[in-house]
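Chemist: One file is attached below, my_file_12.txt, containing compact mmCIF, N, CA and C atoms.
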```txt
# COMPACT_ATOMS: atom_id res chain seq x y z
N MET A 1048 107.03 123.48 158.21
CA MET A 1048 105.85 122.94 158.85
C MET A 1048 105.53 121.59 158.21
N THR A 1049 105.20 120.62 159.07
CA THR A 1049 104.85 119.31 158.55
C THR A 1049 103.36 119.26 158.25
N ARG A 1050 103.04 118.39 157.32
CA ARG A 1050 101.64 118.20 156.97
C ARG A 1050 100.88 117.57 158.13
N ASN A 1051 99.65 117.99 158.29
CA ASN A 1051 98.82 117.41 159.34
C ASN A 1051 98.55 115.95 159.03
N LYS A 1052 98.70 115.13 160.05
CA LYS A 1052 98.37 113.72 159.88
C LYS A 1052 96.85 113.58 159.91
N ILE A 1053 96.36 112.67 159.11
CA ILE A 1053 94.92 112.43 159.07
C ILE A 1053 94.51 111.74 160.37
N ILE A 1054 93.49 112.28 161.00
CA ILE A 1054 92.93 111.67 162.20
C ILE A 1054 91.71 110.89 161.74
N PRO A 1055 91.68 109.58 162.02
CA PRO A 1055 90.57 108.78 161.50
C PRO A 1055 89.21 109.23 162.05
N TYR A 1056 88.19 109.12 161.21
CA TYR A 1056 86.84 109.47 161.65
C TYR A 1056 85.82 108.70 160.84
N ASN A 1057 84.65 108.60 161.40
CA ASN A 1057 83.52 107.95 160.74
C ASN A 1057 82.84 109.00 159.85
N PRO A 1058 82.89 108.83 158.51
CA PRO A 1058 82.30 109.82 157.61
C PRO A 1058 80.80 110.05 157.84
N ASP A 1059 80.13 109.07 158.43
CA ASP A 1059 78.70 109.23 158.71
C ASP A 1059 78.44 110.35 159.72
N LEU A 1060 79.48 110.76 160.46
CA LEU A 1060 79.33 111.80 161.48
C LEU A 1060 79.41 113.22 160.91
N LYS A 1061 79.76 113.36 159.65
CA LYS A 1061 79.92 114.70 159.07
C LYS A 1061 78.61 115.50 159.11
N LYS A 1062 77.51 114.87 158.80
CA LYS A 1062 76.22 115.56 158.82
C LYS A 1062 75.86 115.97 160.25
N PHE A 1063 76.08 115.07 161.21
CA PHE A 1063 75.81 115.38 162.61
C PHE A 1063 76.68 116.54 163.09
N ALA A 1064 77.95 116.55 162.69
CA ALA A 1064 78.86 117.63 163.06
C ALA A 1064 78.36 118.97 162.51
N ARG A 1065 77.88 118.96 161.28
CA ARG A 1065 77.33 120.16 160.66
C ARG A 1065 76.13 120.67 161.47
N GLU A 1066 75.27 119.76 161.89
CA GLU A 1066 74.11 120.14 162.70
C GLU A 1066 74.55 120.74 164.03
N LEU A 1067 75.57 120.15 164.65
CA LEU A 1067 76.08 120.68 165.92
C LEU A 1067 76.64 122.09 165.75
N ARG A 1068 77.32 122.33 164.62
CA ARG A 1068 77.86 123.68 164.37
C ARG A 1068 76.73 124.70 164.27
N LEU A 1069 75.59 124.28 163.72
CA LEU A 1069 74.44 125.19 163.59
C LEU A 1069 73.71 125.39 164.91
N ASN A 1070 73.97 124.53 165.88
CA ASN A 1070 73.27 124.59 167.16
C ASN A 1070 74.24 124.66 168.33
N SER A 1071 75.25 125.47 168.20
CA SER A 1071 76.28 125.58 169.24
C SER A 1071 75.70 126.17 170.52
N THR A 1072 76.31 125.79 171.65
CA THR A 1072 75.92 126.38 172.93
C THR A 1072 76.53 127.77 173.03
N MET A 1073 76.04 128.57 173.95
CA MET A 1073 76.58 129.92 174.13
C MET A 1073 78.07 129.84 174.49
N ALA A 1074 78.45 128.90 175.33
CA ALA A 1074 79.86 128.77 175.72
C ALA A 1074 80.73 128.40 174.51
N GLU A 1075 80.23 127.52 173.64
CA GLU A 1075 80.99 127.16 172.44
C GLU A 1075 81.16 128.37 171.52
N ILE A 1076 80.11 129.17 171.39
CA ILE A 1076 80.19 130.37 170.55
C ILE A 1076 81.20 131.35 171.12
N ILE A 1077 81.17 131.55 172.42
CA ILE A 1077 82.11 132.48 173.07
C ILE A 1077 83.54 132.00 172.86
N LEU A 1078 83.79 130.72 173.11
CA LEU A 1078 85.15 130.21 172.94
C LEU A 1078 85.58 130.28 171.48
N TRP A 1079 84.69 129.93 170.56
CA TRP A 1079 85.02 129.95 169.14
C TRP A 1079 85.46 131.34 168.70
N LYS A 1080 84.75 132.37 169.18
CA LYS A 1080 85.11 133.74 168.81
C LYS A 1080 86.53 134.10 169.27
N ASN A 1081 87.03 133.38 170.25
CA ASN A 1081 88.35 133.69 170.80
C ASN A 1081 89.47 132.79 170.29
N ILE A 1082 89.14 131.75 169.54
CA ILE A 1082 90.20 130.87 169.02
C ILE A 1082 90.19 130.74 167.50
N LYS A 1083 89.15 131.25 166.83
CA LYS A 1083 89.08 131.10 165.38
C LYS A 1083 90.08 132.03 164.70
N ASN A 1084 90.27 131.81 163.40
CA ASN A 1084 91.17 132.64 162.59
C ASN A 1084 92.59 132.71 163.14
N LYS A 1085 93.05 131.60 163.66
CA LYS A 1085 94.42 131.48 164.20
C LYS A 1085 94.71 132.52 165.29
N ALA A 1086 93.70 132.84 166.09
CA ALA A 1086 93.86 133.82 167.17
C ALA A 1086 94.94 133.41 168.16
N LEU A 1087 95.17 132.11 168.30
CA LEU A 1087 96.20 131.61 169.22
C LEU A 1087 97.42 131.09 168.46
N GLY A 1088 97.49 131.43 167.19
CA GLY A 1088 98.63 131.03 166.37
C GLY A 1088 98.45 129.73 165.61
N TYR A 1089 97.34 129.06 165.81
CA TYR A 1089 97.06 127.78 165.15
C TYR A 1089 95.60 127.75 164.71
N GLU A 1090 95.34 126.97 163.68
CA GLU A 1090 93.98 126.85 163.14
C GLU A 1090 93.18 125.80 163.90
N PHE A 1091 92.07 126.21 164.45
CA PHE A 1091 91.14 125.30 165.11
C PHE A 1091 89.91 125.15 164.24
N HIS A 1092 89.29 124.00 164.33
CA HIS A 1092 88.02 123.73 163.67
C HIS A 1092 87.03 123.37 164.76
N ARG A 1093 85.74 123.61 164.48
CA ARG A 1093 84.75 123.28 165.51
C ARG A 1093 83.86 122.14 165.05
N GLN A 1094 83.40 121.37 166.04
CA GLN A 1094 82.55 120.21 165.81
C GLN A 1094 83.17 119.32 164.73
N VAL A 1095 84.23 118.64 165.13
CA VAL A 1095 85.04 117.84 164.21
C VAL A 1095 84.84 116.35 164.47
N PRO A 1096 84.48 115.56 163.45
CA PRO A 1096 84.42 114.11 163.64
C PRO A 1096 85.83 113.55 163.88
N VAL A 1097 85.96 112.79 164.95
CA VAL A 1097 87.21 112.10 165.29
C VAL A 1097 86.82 110.70 165.75
N ASN A 1098 87.29 109.70 165.03
CA ASN A 1098 86.95 108.32 165.35
C ASN A 1098 85.43 108.19 165.29
N GLU A 1099 84.80 107.79 166.38
CA GLU A 1099 83.34 107.63 166.42
C GLU A 1099 82.66 108.76 167.20
N TYR A 1100 83.37 109.87 167.38
CA TYR A 1100 82.87 110.98 168.18
C TYR A 1100 82.92 112.28 167.37
N VAL A 1101 82.25 113.30 167.89
CA VAL A 1101 82.40 114.64 167.36
C VAL A 1101 82.94 115.48 168.52
N VAL A 1102 84.13 116.05 168.34
CA VAL A 1102 84.74 116.86 169.39
C VAL A 1102 84.39 118.32 169.16
N ASP A 1103 84.35 119.10 170.23
CA ASP A 1103 83.94 120.50 170.12
C ASP A 1103 84.90 121.31 169.27
N PHE A 1104 86.20 121.24 169.58
CA PHE A 1104 87.22 121.99 168.83
C PHE A 1104 88.44 121.11 168.65
N CYS A 1105 89.09 121.25 167.49
CA CYS A 1105 90.27 120.44 167.22
C CYS A 1105 91.28 121.24 166.42
N CYS A 1106 92.54 121.17 166.84
CA CYS A 1106 93.64 121.71 166.06
C CYS A 1106 94.43 120.50 165.57
N HIS A 1107 94.34 120.22 164.28
CA HIS A 1107 95.00 119.04 163.72
C HIS A 1107 96.52 119.14 163.84
N GLU A 1108 97.06 120.33 163.62
CA GLU A 1108 98.50 120.52 163.65
C GLU A 1108 99.09 120.18 165.01
N LEU A 1109 98.39 120.57 166.07
CA LEU A 1109 98.87 120.29 167.43
C LEU A 1109 98.35 118.97 167.98
N LYS A 1110 97.36 118.40 167.28
CA LYS A 1110 96.65 117.22 167.80
C LYS A 1110 96.05 117.54 169.17
N LEU A 1111 95.40 118.70 169.23
CA LEU A 1111 94.80 119.21 170.47
C LEU A 1111 93.29 119.28 170.30
N VAL A 1112 92.59 118.71 171.27
CA VAL A 1112 91.12 118.72 171.31
C VAL A 1112 90.69 119.53 172.53
N ILE A 1113 89.73 120.41 172.32
CA ILE A 1113 89.14 121.17 173.42
C ILE A 1113 87.68 120.78 173.51
N GLU A 1114 87.28 120.36 174.70
CA GLU A 1114 85.89 119.99 174.93
C GLU A 1114 85.27 120.98 175.91
N VAL A 1115 84.06 121.42 175.63
CA VAL A 1115 83.30 122.29 176.53
C VAL A 1115 82.12 121.47 177.02
N ASP A 1116 82.15 121.14 178.30
CA ASP A 1116 81.13 120.27 178.87
C ASP A 1116 80.01 121.06 179.51
N GLY A 1117 78.82 120.91 178.98
CA GLY A 1117 77.63 121.54 179.56
C GLY A 1117 77.03 120.64 180.62
N TYR A 1118 75.86 121.02 181.08
CA TYR A 1118 75.20 120.27 182.14
C TYR A 1118 74.92 118.82 181.76
N THR A 1119 74.83 118.51 180.47
CA THR A 1119 74.54 117.14 180.05
C THR A 1119 75.69 116.19 180.42
N HIS A 1120 76.86 116.75 180.72
CA HIS A 1120 78.00 115.91 181.08
C HIS A 1120 78.09 115.67 182.58
N ASP A 1121 77.22 116.27 183.37
CA ASP A 1121 77.30 116.17 184.82
C ASP A 1121 77.29 114.73 185.33
N TYR A 1122 76.60 113.86 184.66
CA TYR A 1122 76.50 112.47 185.14
C TYR A 1122 77.07 111.48 184.13
N LYS A 1123 77.96 111.94 183.28
CA LYS A 1123 78.52 111.08 182.23
C LYS A 1123 80.01 110.85 182.43
N PHE A 1124 80.46 110.79 183.66
CA PHE A 1124 81.89 110.69 183.94
C PHE A 1124 82.53 109.48 183.27
N ARG A 1125 81.87 108.33 183.37
CA ARG A 1125 82.44 107.10 182.79
C ARG A 1125 82.54 107.19 181.27
N SER A 1126 81.46 107.62 180.63
CA SER A 1126 81.48 107.69 179.17
C SER A 1126 82.44 108.78 178.69
N ASP A 1127 82.51 109.90 179.41
CA ASP A 1127 83.47 110.95 179.05
C ASP A 1127 84.90 110.46 179.20
N ARG A 1128 85.17 109.71 180.25
CA ARG A 1128 86.52 109.17 180.48
C ARG A 1128 86.87 108.16 179.38
N PHE A 1129 85.93 107.29 179.04
CA PHE A 1129 86.17 106.31 177.97
C PHE A 1129 86.47 107.04 176.66
N ARG A 1130 85.64 108.01 176.34
CA ARG A 1130 85.81 108.81 175.12
C ARG A 1130 87.18 109.48 175.12
N GLN A 1131 87.56 110.07 176.23
CA GLN A 1131 88.86 110.73 176.31
C GLN A 1131 90.00 109.73 176.13
N ASN A 1132 89.87 108.55 176.70
CA ASN A 1132 90.90 107.51 176.52
C ASN A 1132 91.04 107.13 175.05
N VAL A 1133 89.92 107.01 174.35
CA VAL A 1133 89.97 106.68 172.92
C VAL A 1133 90.69 107.78 172.16
N LEU A 1134 90.34 109.03 172.43
CA LEU A 1134 90.96 110.16 171.74
C LEU A 1134 92.46 110.22 172.03
N GLU A 1135 92.83 110.00 173.29
CA GLU A 1135 94.24 110.01 173.65
C GLU A 1135 95.00 108.85 173.01
N SER A 1136 94.33 107.73 172.80
CA SER A 1136 94.98 106.59 172.15
C SER A 1136 95.32 106.90 170.69
N LEU A 1137 94.65 107.92 170.12
CA LEU A 1137 94.93 108.37 168.76
C LEU A 1137 96.04 109.43 168.74
N GLY A 1138 96.61 109.70 169.91
CA GLY A 1138 97.69 110.68 170.01
C GLY A 1138 97.22 112.11 170.22
N LEU A 1139 95.97 112.27 170.58
CA LEU A 1139 95.41 113.60 170.80
C LEU A 1139 95.53 114.00 172.26
N LYS A 1140 95.80 115.27 172.51
CA LYS A 1140 95.74 115.81 173.87
C LYS A 1140 94.36 116.42 174.02
N VAL A 1141 93.68 116.07 175.10
CA VAL A 1141 92.32 116.56 175.33
C VAL A 1141 92.32 117.45 176.57
N ILE A 1142 91.78 118.66 176.41
CA ILE A 1142 91.58 119.52 177.57
C ILE A 1142 90.10 119.85 177.64
N ARG A 1143 89.59 119.91 178.87
CA ARG A 1143 88.16 120.09 179.08
C ARG A 1143 87.89 121.32 179.93
N PHE A 1144 86.81 121.98 179.61
CA PHE A 1144 86.34 123.11 180.40
C PHE A 1144 84.84 122.95 180.57
N THR A 1145 84.31 123.49 181.65
CA THR A 1145 82.86 123.47 181.81
C THR A 1145 82.27 124.67 181.07
N ASP A 1146 81.02 124.54 180.76
CA ASP A 1146 80.26 125.62 180.15
C ASP A 1146 80.40 126.89 181.00
N GLU A 1147 80.27 126.71 182.30
CA GLU A 1147 80.34 127.83 183.24
C GLU A 1147 81.73 128.48 183.23
N ASP A 1148 82.79 127.66 183.16
CA ASP A 1148 84.15 128.22 183.12
C ASP A 1148 84.32 129.16 181.93
N VAL A 1149 83.84 128.73 180.77
CA VAL A 1149 83.98 129.55 179.56
C VAL A 1149 83.20 130.85 179.72
N LYS A 1150 82.02 130.78 180.28
CA LYS A 1150 81.18 131.97 180.41
C LYS A 1150 81.70 132.93 181.48
N LYS A 1151 82.19 132.40 182.59
CA LYS A 1151 82.57 133.26 183.72
C LYS A 1151 84.07 133.55 183.80
N TYR A 1152 84.88 132.63 183.29
CA TYR A 1152 86.33 132.77 183.47
C TYR A 1152 87.07 132.60 182.14
N LEU A 1153 86.58 133.27 181.12
CA LEU A 1153 87.12 133.11 179.77
C LEU A 1153 88.63 133.37 179.72
N ASN A 1154 89.10 134.40 180.40
CA ASN A 1154 90.54 134.70 180.37
C ASN A 1154 91.36 133.54 180.91
N ASP A 1155 90.88 132.90 181.97
CA ASP A 1155 91.59 131.74 182.53
C ASP A 1155 91.56 130.56 181.55
N VAL A 1156 90.45 130.37 180.89
CA VAL A 1156 90.31 129.30 179.89
C VAL A 1156 91.32 129.52 178.76
N ILE A 1157 91.38 130.74 178.24
CA ILE A 1157 92.32 131.06 177.16
C ILE A 1157 93.76 130.85 177.64
N ARG A 1158 94.05 131.27 178.87
CA ARG A 1158 95.40 131.05 179.43
C ARG A 1158 95.73 129.56 179.50
N SER A 1159 94.77 128.75 179.88
CA SER A 1159 94.97 127.30 179.96
C SER A 1159 95.22 126.70 178.57
N ILE A 1160 94.49 127.18 177.59
CA ILE A 1160 94.68 126.70 176.22
C ILE A 1160 96.08 127.09 175.73
N LYS A 1161 96.48 128.32 175.99
CA LYS A 1161 97.83 128.78 175.60
C LYS A 1161 98.90 127.93 176.28
N ALA A 1162 98.69 127.59 177.55
CA ALA A 1162 99.65 126.75 178.28
C ALA A 1162 99.73 125.37 177.63
N ALA A 1163 98.60 124.80 177.24
CA ALA A 1163 98.59 123.49 176.57
C ALA A 1163 99.32 123.58 175.24
N ILE A 1164 99.12 124.67 174.51
CA ILE A 1164 99.81 124.86 173.23
C ILE A 1164 101.32 124.92 173.45
N MET A 1165 101.74 125.68 174.45
CA MET A 1165 103.18 125.79 174.74
C MET A 1165 103.77 124.44 175.13
N GLU A 1166 103.03 123.66 175.90
CA GLU A 1166 103.47 122.32 176.30
C GLU A 1166 103.66 121.43 175.07
N ILE A 1167 102.71 121.47 174.17
CA ILE A 1167 102.79 120.66 172.94
C ILE A 1167 103.95 121.13 172.08
N GLU A 1168 104.14 122.44 171.97
CA GLU A 1168 105.25 122.99 171.18
C GLU A 1168 106.59 122.50 171.73
N GLU A 1169 106.71 122.45 173.04
CA GLU A 1169 107.95 121.96 173.67
C GLU A 1169 108.21 120.51 173.32
N ILE A 1170 107.17 119.70 173.36
CA ILE A 1170 107.30 118.27 173.04
C ILE A 1170 107.67 118.09 171.58
N GLN A 1171 107.13 118.94 170.71
CA GLN A 1171 107.37 118.80 169.27
C GLN A 1171 108.76 119.26 168.84
N LYS A 1172 109.46 119.97 169.71
CA LYS A 1172 110.81 120.46 169.34
C LYS A 1172 111.79 119.33 169.16
```
Could the structure of this file be written out as structure tokens, please?
Modeler:
Amino acid sequence: MTRNKIIPYNPDLKKFARELRLNSTMAEIILWKNIKNKALGYEFHRQVPVNEYVVDFCCHELKLVIEVDGYTHDYKFRSDRFRQNVLESLGLKVIRFTDEDVKKYLNDVIRSIKAAIMEIEEIQK
């Protein structure tokens, strides 16, 4: 196994990330319970500073970011797209789910995450 490459981040965001972890949404809590402790074979962290953002979940080894978008994202398409472009420019793969998807279709969400992991594993071979 190779060492995880450092993903640049603004250290000033560490306190904000800690606050977000203490105030997770219900969808984030549900998803976290299903991906923590290497449940999918890889270690994920929650509320991780990356560049000038805090992402919901990140697996450094896979360079995979999972975002759970609540209602606050309904009208933020441009800023979300810009943010995603920045993250992808750092070599990260970003997958997004809505709050509702996690709550109502958790099995499908987990299947999608597993598919993304398999895709990354294929590329890394």
Chemist: Would you mind writing down, as a ChimeraX atom specification, each residue of range 1133-1170 of chain A that DSSP on the backbone assigns to helix (DSSP H, G or I)?
Modeler: /A:1133-1136,1146-1151,1153-1170
Chemist: Using backbone DSSP assignments, extract all strand (DSSP E or B) residues from range 1069-1122 of chain A; output them as a PyMOL selection string.
Modeler: chain A and resi 1092-1098+1100-1106+1111-1116
Chemist: Calculate, to one decimal in Å, the centre and edge lengths of the box along x, y and z of the file that holds all listed atoms of range 1074-1084 of chain A with 5 Å of margin on each side, and present them as lines of an AutoDock Vina configuration file.
Modeler:
```
center_x = 85.5
center_y = 130.6
center_z = 169.2
size_x = 24.1
size_y = 16.9
size_z = 23.1
```
Chemist: Work out how far apart CA of Ala1074 in chain A and atom C of Asp1146 in chain A are and give it in Å to one decimal.
Modeler: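 Here the two named atoms are 5.6 Å from each other.
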Chemist: So that I can see what lies close to range 1130-1137 of chain A, please list as a list in words the residues with an atom at most 12 Å from it, counting only C-alpha atoms and leaving out residues fewer than 6 positions away in the same chain.
Modeler: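 Residues meeting the cut-off are Lys1052, Ile1053, Ile1054, Pro1055, Tyr1056, Pro1096, Val1097, Asn1098, Glu1099, Tyr1100, Val1101, Val1102, Cys1105, His1107, Lys1110, Leu1111, Val1112, Ile1113, Glu1114, Lys1123, Phe1124 and Arg1143 of chain A.
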Chemist: CA of Val1095 in chain A to CA of Ala1064 in chain A: how many Å, to one decimal?
Modeler: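 One can read the CA of Val1095 in chain A to CA of Ala1064 in chain A distance as 6.3 Å.
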Chemist: Kindly indicate which residue among A:Thr1072, A:Gln1171, A:Phe1144, A:Arg1125 lies nearest to Val1156 in chain A, using only N, CA and C atoms for the distances.
Modeler: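 Closest candidate: A:Phe1144.
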Chemist: Tell me, as a count of residues only, which residues lie within 8 Å of range 1148-1153 of chain A, counting all atoms listed in the file; anything in the same chain fewer than 4 positions away does not count.
Modeler: 10
Chemist: Determine the nearest neighbour of Ile1167 in chain A from the options A:Asp1103, A:Glu1066, A:Asp1059, A:Glu1108, counting only C-alpha atoms.
Modeler: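 Residue with the minimum atom-to-atom distance to Ile1167 in chain A: A:Glu1108.
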Chemist: Between CA of Glu1090 in chain A and CA of Asp1127 in chain A, measure the distance and give it in Å to one decimal.
Modeler: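 About the pair CA of Glu1090 in chain A and CA of Asp1127 in chain A: they are 24.8 Å apart.
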Chemist: Considering only C-alpha atoms, return as a PyMOL selection string whatever protein or nucleic-acid residues lie within 9 Å of Tyr1089 in chain A, sequence-local ones (same chain, fewer than 5 positions apart) excluded.
Modeler: chain A and resi 1082-1084+1106+1108-1109
Chemist: Between A:Glu1169, A:Gly1117, A:Gln1094, A:Ala1086, single out the one closest to Phe1063 in chain A, counting only C-alpha atoms.
Modeler: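 Among A:Glu1169, A:Gly1117, A:Gln1094, A:Ala1086, it is A:Gln1094 that comes nearest to Phe1063 in chain A.
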